[in-house]
file query.cif (mmCIF, C-alpha atoms)
data_query
#
loop_
_atom_site.label_atom_id
_atom_site.label_comp_id
_atom_site.auth_asym_id
_atom_site.auth_seq_id
_atom_site.Cartn_x
_atom_site.Cartn_y
_atom_site.Cartn_z
CA MET A 219 134.09 -5.56 -250.73
CA ASP A 220 135.85 -8.40 -252.50
CA ASN A 221 139.00 -8.15 -254.58
CA GLU A 222 137.06 -7.96 -257.85
CA GLN A 223 135.06 -4.95 -256.74
CA ASP A 224 138.23 -3.23 -255.44
CA GLU A 225 139.45 -3.05 -259.01
CA LEU A 226 136.36 -1.11 -260.16
CA TYR A 227 135.49 1.08 -257.20
CA ALA A 228 137.68 3.82 -255.76
CA GLU A 229 138.36 3.18 -252.12
CA VAL A 230 137.06 5.93 -249.88
CA GLU A 231 139.37 6.60 -246.92
CA PRO A 232 137.56 8.17 -244.00
CA THR A 233 139.26 11.19 -242.48
CA ARG A 234 139.36 11.79 -238.80
CA LYS A 235 139.40 15.02 -236.86
CA LYS A 236 139.50 16.04 -233.28
CA SER A 237 136.54 17.72 -231.66
CA ALA A 238 135.99 18.61 -228.02
CA GLY A 239 139.09 16.68 -226.95
CA ARG A 240 138.08 13.38 -228.53
CA LYS A 241 138.46 11.74 -231.95
CA THR A 242 135.44 11.19 -234.16
CA ALA A 243 135.43 9.71 -237.65
CA SER A 244 133.86 11.93 -240.27
CA ARG A 245 131.37 10.32 -242.66
CA PRO A 246 133.03 9.29 -245.95
CA ALA A 247 132.12 11.46 -248.91
CA ALA A 248 129.44 9.83 -251.03
CA PRO A 249 131.20 8.11 -253.92
CA LYS A 250 130.08 8.69 -257.49
CA ALA A 251 128.07 6.05 -259.28
CA PRO A 252 130.39 3.13 -260.05
CA ALA A 253 131.75 3.04 -263.56
CA ALA A 254 130.92 -0.64 -263.87
CA GLN A 255 129.90 -3.64 -261.86
CA PRO A 256 131.37 -7.06 -262.63
CA GLU A 257 129.46 -10.26 -263.01
CA GLU A 258 128.91 -12.01 -259.73
CA GLY A 259 132.09 -13.78 -258.72
CA ALA A 260 133.92 -12.54 -261.82
CA GLU A 261 135.96 -9.62 -263.05
CA LEU A 262 135.12 -7.39 -265.99
CA SER A 263 137.93 -7.39 -268.52
CA LEU A 264 138.26 -4.64 -271.10
CA GLU A 265 141.52 -5.94 -272.48
CA GLY A 266 141.70 -5.19 -276.17
CA ALA A 267 138.78 -2.73 -276.05
CA THR A 268 139.09 0.29 -278.33
CA ASP A 269 137.31 3.59 -278.76
CA GLN A 270 135.64 2.26 -281.89
CA ARG A 271 131.91 1.57 -281.91
CA ALA A 272 130.88 -2.03 -282.52
CA TRP A 273 127.86 -4.30 -282.24
CA TYR A 274 127.58 -6.47 -279.14
CA VAL A 275 125.08 -9.20 -278.30
CA VAL A 276 123.19 -8.97 -275.02
CA HIS A 277 121.31 -11.91 -273.54
CA CYS A 278 117.95 -11.33 -271.88
CA TYR A 279 114.94 -13.29 -270.72
CA SER A 280 113.12 -14.79 -273.71
CA GLY A 281 109.92 -12.89 -274.41
CA TYR A 282 111.25 -9.70 -272.78
CA GLU A 283 113.25 -8.42 -275.76
CA ASN A 284 110.96 -5.41 -276.39
CA LYS A 285 110.84 -4.54 -272.70
CA VAL A 286 114.63 -4.69 -272.45
CA ARG A 287 115.03 -2.42 -275.47
CA HIS A 288 112.59 0.10 -273.96
CA ASN A 289 114.33 0.02 -270.57
CA LEU A 290 117.78 0.39 -272.12
CA GLU A 291 116.73 3.30 -274.33
CA GLN A 292 115.37 5.06 -271.27
CA ARG A 293 118.61 4.49 -269.34
CA ILE A 294 120.67 5.79 -272.25
CA GLU A 295 118.60 8.98 -272.19
CA THR A 296 118.52 9.57 -268.45
CA MET A 297 122.17 8.62 -267.86
CA GLY A 298 123.50 10.72 -270.73
CA MET A 299 125.07 7.85 -272.67
CA LYS A 300 124.03 8.80 -276.21
CA ASP A 301 127.67 9.43 -277.09
CA ARG A 302 128.64 5.88 -276.05
CA ILE A 303 125.55 3.75 -276.80
CA PHE A 304 124.08 4.47 -280.23
CA ASP A 305 121.46 1.88 -281.15
CA VAL A 306 119.48 -1.02 -279.72
CA VAL A 307 118.11 -3.55 -282.23
CA ILE A 308 115.97 -6.65 -281.93
CA PRO A 309 116.55 -8.79 -285.04
CA THR A 310 113.11 -9.56 -286.48
CA GLN A 311 111.69 -10.92 -289.70
CA GLU A 312 108.20 -10.74 -291.17
CA GLU A 313 106.58 -14.13 -291.42
CA ILE A 314 103.36 -15.20 -293.09
CA GLU A 315 101.38 -18.01 -291.52
CA VAL A 316 98.10 -19.66 -292.42
CA LYS A 317 95.73 -20.41 -289.55
CA ASP A 318 92.07 -21.43 -289.82
CA GLY A 319 92.24 -20.74 -293.53
CA LYS A 320 93.35 -17.13 -293.03
CA ARG A 321 96.72 -15.59 -293.80
CA ARG A 322 98.32 -13.22 -291.39
CA THR A 323 101.69 -11.51 -291.20
CA VAL A 324 103.52 -11.63 -287.87
CA GLU A 325 106.86 -10.25 -286.74
CA ARG A 326 109.09 -13.06 -285.52
CA HIS A 327 112.24 -12.66 -283.44
CA VAL A 328 115.14 -14.14 -285.39
CA PHE A 329 117.18 -14.73 -282.21
CA PRO A 330 114.79 -15.09 -279.25
CA GLY A 331 116.40 -13.97 -276.01
CA TYR A 332 119.00 -11.72 -277.63
CA VAL A 333 119.30 -7.98 -278.31
CA LEU A 334 121.99 -6.22 -280.36
CA VAL A 335 123.59 -3.04 -279.00
CA ASN A 336 125.80 -0.70 -281.03
CA MET A 337 128.16 0.96 -278.58
CA ILE A 338 131.68 1.96 -277.63
CA LEU A 339 132.68 -0.49 -274.92
CA SER A 340 133.84 1.09 -271.69
CA GLU A 341 133.24 0.49 -268.01
CA GLU A 342 130.52 3.15 -268.02
CA SER A 343 128.66 1.86 -271.09
CA TRP A 344 129.04 -1.74 -269.90
CA TYR A 345 127.50 -0.79 -266.57
CA VAL A 346 124.49 0.93 -268.18
CA VAL A 347 123.70 -2.05 -270.41
CA ARG A 348 124.51 -4.83 -267.94
CA ASN A 349 122.32 -3.36 -265.19
CA THR A 350 119.29 -2.80 -267.39
CA PRO A 351 116.31 -4.74 -265.97
CA GLY A 352 115.89 -8.01 -267.86
CA VAL A 353 119.48 -8.19 -269.12
CA THR A 354 121.35 -11.29 -267.95
CA GLY A 355 124.73 -10.56 -269.52
CA PHE A 356 126.86 -9.97 -272.58
CA VAL A 357 127.77 -12.71 -275.01
CA GLY A 358 131.53 -13.27 -275.11
CA MET A 359 134.47 -15.30 -273.95
CA GLY A 360 134.49 -15.40 -270.17
CA ASN A 361 133.76 -11.88 -268.97
CA GLN A 362 135.03 -10.15 -272.09
CA PRO A 363 132.13 -8.96 -274.31
CA THR A 364 132.91 -10.04 -277.85
CA PRO A 365 131.89 -7.73 -280.72
CA LEU A 366 130.20 -9.15 -283.79
CA ARG A 367 132.23 -9.31 -286.98
CA GLN A 368 131.13 -6.93 -289.72
CA GLU A 369 130.05 -9.80 -291.97
CA GLU A 370 127.83 -11.14 -289.17
CA VAL A 371 126.19 -7.73 -288.72
CA SER A 372 125.65 -7.37 -292.49
CA GLN A 373 124.04 -10.79 -292.68
CA ILE A 374 121.64 -10.04 -289.82
CA LEU A 375 120.63 -6.63 -291.19
CA LYS A 376 120.18 -8.07 -294.68
CA ARG A 377 117.88 -10.72 -293.27
CA MET A 378 115.81 -8.05 -291.51
CA GLU A 379 115.53 -5.97 -294.69
CA ALA A 380 114.38 -8.83 -296.89
CA GLU A 381 111.46 -7.67 -299.03
CA ALA A 382 109.61 -10.98 -299.22
CA PRO A 383 108.24 -12.19 -295.86
CA HIS A 384 109.26 -15.65 -294.78
CA VAL A 385 106.50 -18.28 -294.92
CA LYS A 386 106.02 -20.26 -291.73
CA VAL A 387 105.75 -23.98 -292.47
CA THR A 388 103.78 -25.87 -289.83
CA PHE A 389 103.67 -29.21 -291.65
CA LYS A 390 106.26 -31.80 -292.64
CA ILE A 391 106.62 -34.73 -294.98
CA GLY A 392 104.14 -37.51 -294.20
CA GLU A 393 101.62 -35.27 -292.43
CA ARG A 394 98.02 -34.72 -293.43
CA VAL A 395 97.19 -31.23 -294.70
CA ARG A 396 94.20 -29.34 -296.03
CA ILE A 397 94.34 -27.25 -299.21
CA VAL A 398 92.90 -23.81 -298.52
CA ASP A 399 93.28 -22.10 -301.90
CA GLY A 400 93.09 -22.90 -305.61
CA PRO A 401 91.12 -25.46 -307.62
CA PHE A 402 91.69 -28.15 -304.98
CA ASN A 403 90.36 -25.97 -302.17
CA ASP A 404 89.22 -28.01 -299.13
CA PHE A 405 90.80 -31.21 -300.45
CA ARG A 406 92.94 -33.13 -298.00
CA GLY A 407 96.11 -35.02 -298.69
CA THR A 408 99.53 -36.10 -297.50
CA VAL A 409 102.73 -34.06 -297.87
CA SER A 410 105.21 -35.94 -300.05
CA GLU A 411 107.83 -33.25 -300.75
CA LEU A 412 108.92 -29.81 -299.54
CA ASP A 413 110.89 -27.31 -301.64
CA MET A 414 112.11 -24.65 -299.20
CA GLU A 415 113.90 -22.62 -301.88
CA ARG A 416 110.79 -22.24 -304.05
CA ASN A 417 108.29 -22.21 -301.17
CA LYS A 418 106.50 -25.15 -302.78
CA VAL A 419 104.90 -28.28 -301.34
CA ARG A 420 103.81 -31.44 -303.14
CA VAL A 421 100.67 -33.04 -301.76
CA MET A 422 99.29 -36.44 -302.66
CA VAL A 423 95.55 -35.96 -303.14
CA ASN A 424 92.96 -38.71 -303.63
CA PHE A 425 91.34 -37.63 -306.88
CA PHE A 426 88.72 -39.93 -308.48
CA GLY A 427 90.05 -42.87 -306.50
CA ARG A 428 93.68 -42.25 -307.46
CA GLU A 429 96.57 -40.69 -305.52
CA THR A 430 97.52 -37.63 -307.56
CA PRO A 431 100.49 -35.34 -306.81
CA VAL A 432 99.59 -31.66 -306.64
CA GLU A 433 102.21 -28.90 -306.37
CA LEU A 434 101.13 -25.92 -304.32
CA ASP A 435 102.51 -22.82 -302.64
CA PHE A 436 103.12 -23.06 -298.89
CA LEU A 437 100.34 -20.51 -298.37
CA GLN A 438 97.83 -22.75 -300.14
CA VAL A 439 98.13 -25.45 -297.50
CA GLU A 440 97.62 -25.72 -293.77
CA LYS A 441 98.06 -28.52 -291.27
CA SER A 442 94.93 -30.66 -291.14
#

call {"tool": "encode", "arguments": {"input": "query.cif", "output": "structure tokens"}}
result
Amino acid sequence: MDNEQDELYAEVEPTRKKSAGRKTASRPAAPKAPAAQPEEGAELSLEGATDQRAWYVVHCYSGYENKVRHNLEQRIETMGMKDRIFDVVIPTQEEIEVKDGKRRTVERHVFPGYVLVNMILSEESWYVVRNTPGVTGFVGMGNQPTPLRQEEVSQILKRMEAEAPHVKVTFKIGERVRIVDGPFNDFRGTVSELDMERNKVRVMVNFFGRETPVELDFLQVEKS
């Protein structure tokens, strides 16, 4: 066991006793589950940690966010950590996209590959989260998990609670698009301007032999 692990694991000293005129070493008592396990080749530092709950960012394999949340919630239950780990959140946002002329609402991960965990940081809680299948580590400086600032948390939660779904834009200026709704339905044209604040797009349409600018909603247009 290397020096880093010595700092986290209690050393078990075998006791010896005499039996039948010769010495035999008794088997060491089985140690309890380790409070925490450091990153490979590194040492976990809890310097500055408090007993206050905070939000931490956990990195995982992209595309496995839901699986990681499920696994972690199960570990919290089975390992009795509800009083140390309180919530597991995947920041998502509803997004409307137009495909093949049809609108559909999808749930998009705001930060792919990341999961937020509300917890009181300790060796025990760190161990439960860090050793969850799919988790690759905490986000922080070196080996010190860094909590999110309150304003960062508020901004993320506000984004998740937004009433109006975000519109996914699959086209850009200069590209050919097809109008899928309104009086110019099925006309084709070229994108000349995008207004992200108003969710508007200006398309140059050939109308009676002339290039005419038409302002439309993002949802009225799809990539040609």

call {"tool": "residues_around", "arguments": {"input": "query.cif", "residues": "stretch 387-398 of chain A", "least_positions_apart": "5", "cutoff": "12 Å", "atoms": "only C-alpha atoms", "output": "ChimeraX atom specification"}}
result
/A:313-321,403-414,417-423,432-442

call {"tool": "atom_distance", "arguments": {"input": "query.cif", "atom1": "atom CA of A:Ile308", "atom2": "atom CA of A:Arg416"}}
result
27.6 Å

call {"tool": "resolve_selection", "arguments": {"input": "query.cif", "expression": "the PyMOL selection byres ((chain A and resi 354-356) around 9)", "output": "list in words"}}
result
Glu257, Tyr274, Val275, Val276, His277, Cys278, Tyr279, Trp344, Val347, Arg348, Asn349, Thr350, Pro351, Gly352, Val353, Val357, Gly358, Asn361, Gln362, Pro363 and Thr364 of chain A

call {"tool": "resolve_selection", "arguments": {"input": "query.cif", "expression": "the PyMOL selection byres ((chain A and resi 334) around 10)", "output": "list in words"}}
result
Trp273, Tyr274, Val275, Val276, His277, Arg287, Asp305, Val306, Val307, Ile308, Pro309, Phe329, Tyr332, Val333, Val335, Asn336, Met337, Phe356, Leu366 and Val371 of chain A

call {"tool": "write_last_selection", "arguments": {"input": "query.cif", "atoms": "C-alpha atoms", "output": "short mmCIF file (atom, residue, chain, number, x, y, z; two decimals), in the coordinates of the input"}}
result
data_model
loop_
_atom_site.label_atom_id
_atom_site.label_comp_id
_atom_site.auth_asym_id
_atom_site.auth_seq_id
_atom_site.Cartn_x
_atom_site.Cartn_y
_atom_site.Cartn_z
CA TRP A 273 127.86 -4.30 -282.24
CA TYR A 274 127.58 -6.47 -279.14
CA VAL A 275 125.08 -9.20 -278.30
CA VAL A 276 123.19 -8.97 -275.02
CA HIS A 277 121.31 -11.91 -273.54
CA ARG A 287 115.03 -2.42 -275.47
CA ASP A 305 121.46 1.88 -281.15
CA VAL A 306 119.48 -1.02 -279.72
CA VAL A 307 118.11 -3.55 -282.23
CA ILE A 308 115.97 -6.65 -281.93
CA PRO A 309 116.55 -8.79 -285.04
CA PHE A 329 117.18 -14.73 -282.21
CA TYR A 332 119.00 -11.72 -277.63
CA VAL A 333 119.30 -7.98 -278.31
CA VAL A 335 123.59 -3.04 -279.00
CA ASN A 336 125.80 -0.70 -281.03
CA MET A 337 128.16 0.96 -278.58
CA PHE A 356 126.86 -9.97 -272.58
CA LEU A 366 130.20 -9.15 -283.79
CA VAL A 371 126.19 -7.73 -288.72
#

call {"tool": "atom_distance", "arguments": {"input": "query.cif", "atom1": "atom CA of A:Val385", "atom2": "atom CA of A:Thr430"}}
result
24.8 Å

call {"tool": "closest_residue", "arguments": {"input": "query.cif", "among": "A:Asn284, A:Ser343, A:Asn289, A:Gln270", "to": "A:Arg302", "atoms": "all atoms listed in the file"}}
result
A:Ser343

call {"tool": "resolve_selection", "arguments": {"input": "query.cif", "expression": "the PyMOL selection byres ((chain A and resi 325) around 7)", "output": "ChimeraX atom specification"}}
result
/A:310-313,323-324,326-327

call {"tool": "atom_distance", "arguments": {"input": "query.cif", "atom1": "atom CA of A:Glu415", "atom2": "atom CA of A:Arg322"}}
result
21.0 Å

call {"tool": "decode", "arguments": {"input": "query.cif", "residues": "stretch 285-357 of chain A", "atoms": "C-alpha atoms", "output": "compact mmCIF listing (two decimals), in the first residue's frame"}}
result
# COMPACT_ATOMS: atom_id res chain seq x y z
CA LYS A 285 -27.16 5.91 -15.88
CA VAL A 286 -24.74 7.59 -13.48
CA ARG A 287 -27.59 9.37 -11.69
CA HIS A 288 -29.48 6.08 -11.33
CA ASN A 289 -26.39 4.24 -10.03
CA LEU A 290 -25.54 7.01 -7.58
CA GLU A 291 -29.09 7.21 -6.22
CA GLN A 292 -29.01 3.48 -5.62
CA ARG A 293 -25.67 3.71 -3.79
CA ILE A 294 -26.96 6.56 -1.63
CA GLU A 295 -29.88 4.35 -0.60
CA THR A 296 -28.00 1.12 0.01
CA MET A 297 -25.02 2.75 1.74
CA GLY A 298 -27.15 4.92 4.02
CA MET A 299 -25.82 8.27 2.79
CA LYS A 300 -29.07 10.25 2.61
CA ASP A 301 -27.85 12.47 5.43
CA ARG A 302 -24.71 13.40 3.47
CA ILE A 303 -25.76 13.28 -0.21
CA PHE A 304 -29.06 15.04 -0.85
CA ASP A 305 -29.68 15.44 -4.56
CA VAL A 306 -28.36 14.40 -7.96
CA VAL A 307 -29.25 16.65 -10.91
CA ILE A 308 -28.58 16.50 -14.62
CA PRO A 309 -28.93 20.04 -16.03
CA THR A 310 -31.35 19.81 -18.97
CA GLN A 311 -33.35 22.18 -21.11
CA GLU A 312 -36.34 21.59 -23.36
CA GLU A 313 -35.54 22.24 -26.99
CA ILE A 314 -37.80 22.40 -30.01
CA GLU A 315 -36.45 21.21 -33.33
CA VAL A 316 -37.95 20.94 -36.79
CA LYS A 317 -37.18 17.78 -38.74
CA ASP A 318 -38.88 16.60 -41.94
CA GLY A 319 -41.40 19.39 -41.52
CA LYS A 320 -42.45 18.22 -38.06
CA ARG A 321 -41.84 19.90 -34.73
CA ARG A 322 -40.78 17.90 -31.75
CA THR A 323 -39.68 18.75 -28.24
CA VAL A 324 -36.56 17.03 -26.93
CA GLU A 325 -34.71 17.24 -23.62
CA ARG A 326 -31.15 18.37 -24.18
CA HIS A 327 -28.30 18.08 -21.67
CA VAL A 328 -26.99 21.57 -20.99
CA PHE A 329 -23.57 20.24 -19.90
CA PRO A 330 -22.97 16.85 -21.57
CA GLY A 331 -20.71 14.64 -19.47
CA TYR A 332 -21.45 16.38 -16.17
CA VAL A 333 -23.75 15.71 -13.21
CA LEU A 334 -24.41 18.00 -10.24
CA VAL A 335 -24.43 16.55 -6.72
CA ASN A 336 -25.68 18.38 -3.63
CA MET A 337 -23.77 16.97 -0.69
CA ILE A 338 -21.73 17.55 2.45
CA LEU A 339 -18.17 16.76 1.42
CA SER A 340 -16.43 14.17 3.58
CA GLU A 341 -14.24 11.17 2.95
CA GLU A 342 -17.28 8.90 3.14
CA SER A 343 -19.48 10.91 0.76
CA TRP A 344 -16.55 11.46 -1.61
CA TYR A 345 -15.96 7.71 -1.72
CA VAL A 346 -19.62 6.92 -2.51
CA VAL A 347 -19.76 9.39 -5.40
CA ARG A 348 -16.27 8.82 -6.80
CA ASN A 349 -16.69 5.04 -6.97
CA THR A 350 -20.07 5.12 -8.69
CA PRO A 351 -19.85 3.26 -12.03
CA GLY A 352 -19.42 5.75 -14.86
CA VAL A 353 -18.01 8.55 -12.70
CA THR A 354 -14.51 9.65 -13.73
CA GLY A 355 -13.91 12.26 -11.04
CA PHE A 356 -14.85 15.52 -9.37
CA VAL A 357 -14.27 18.89 -10.97
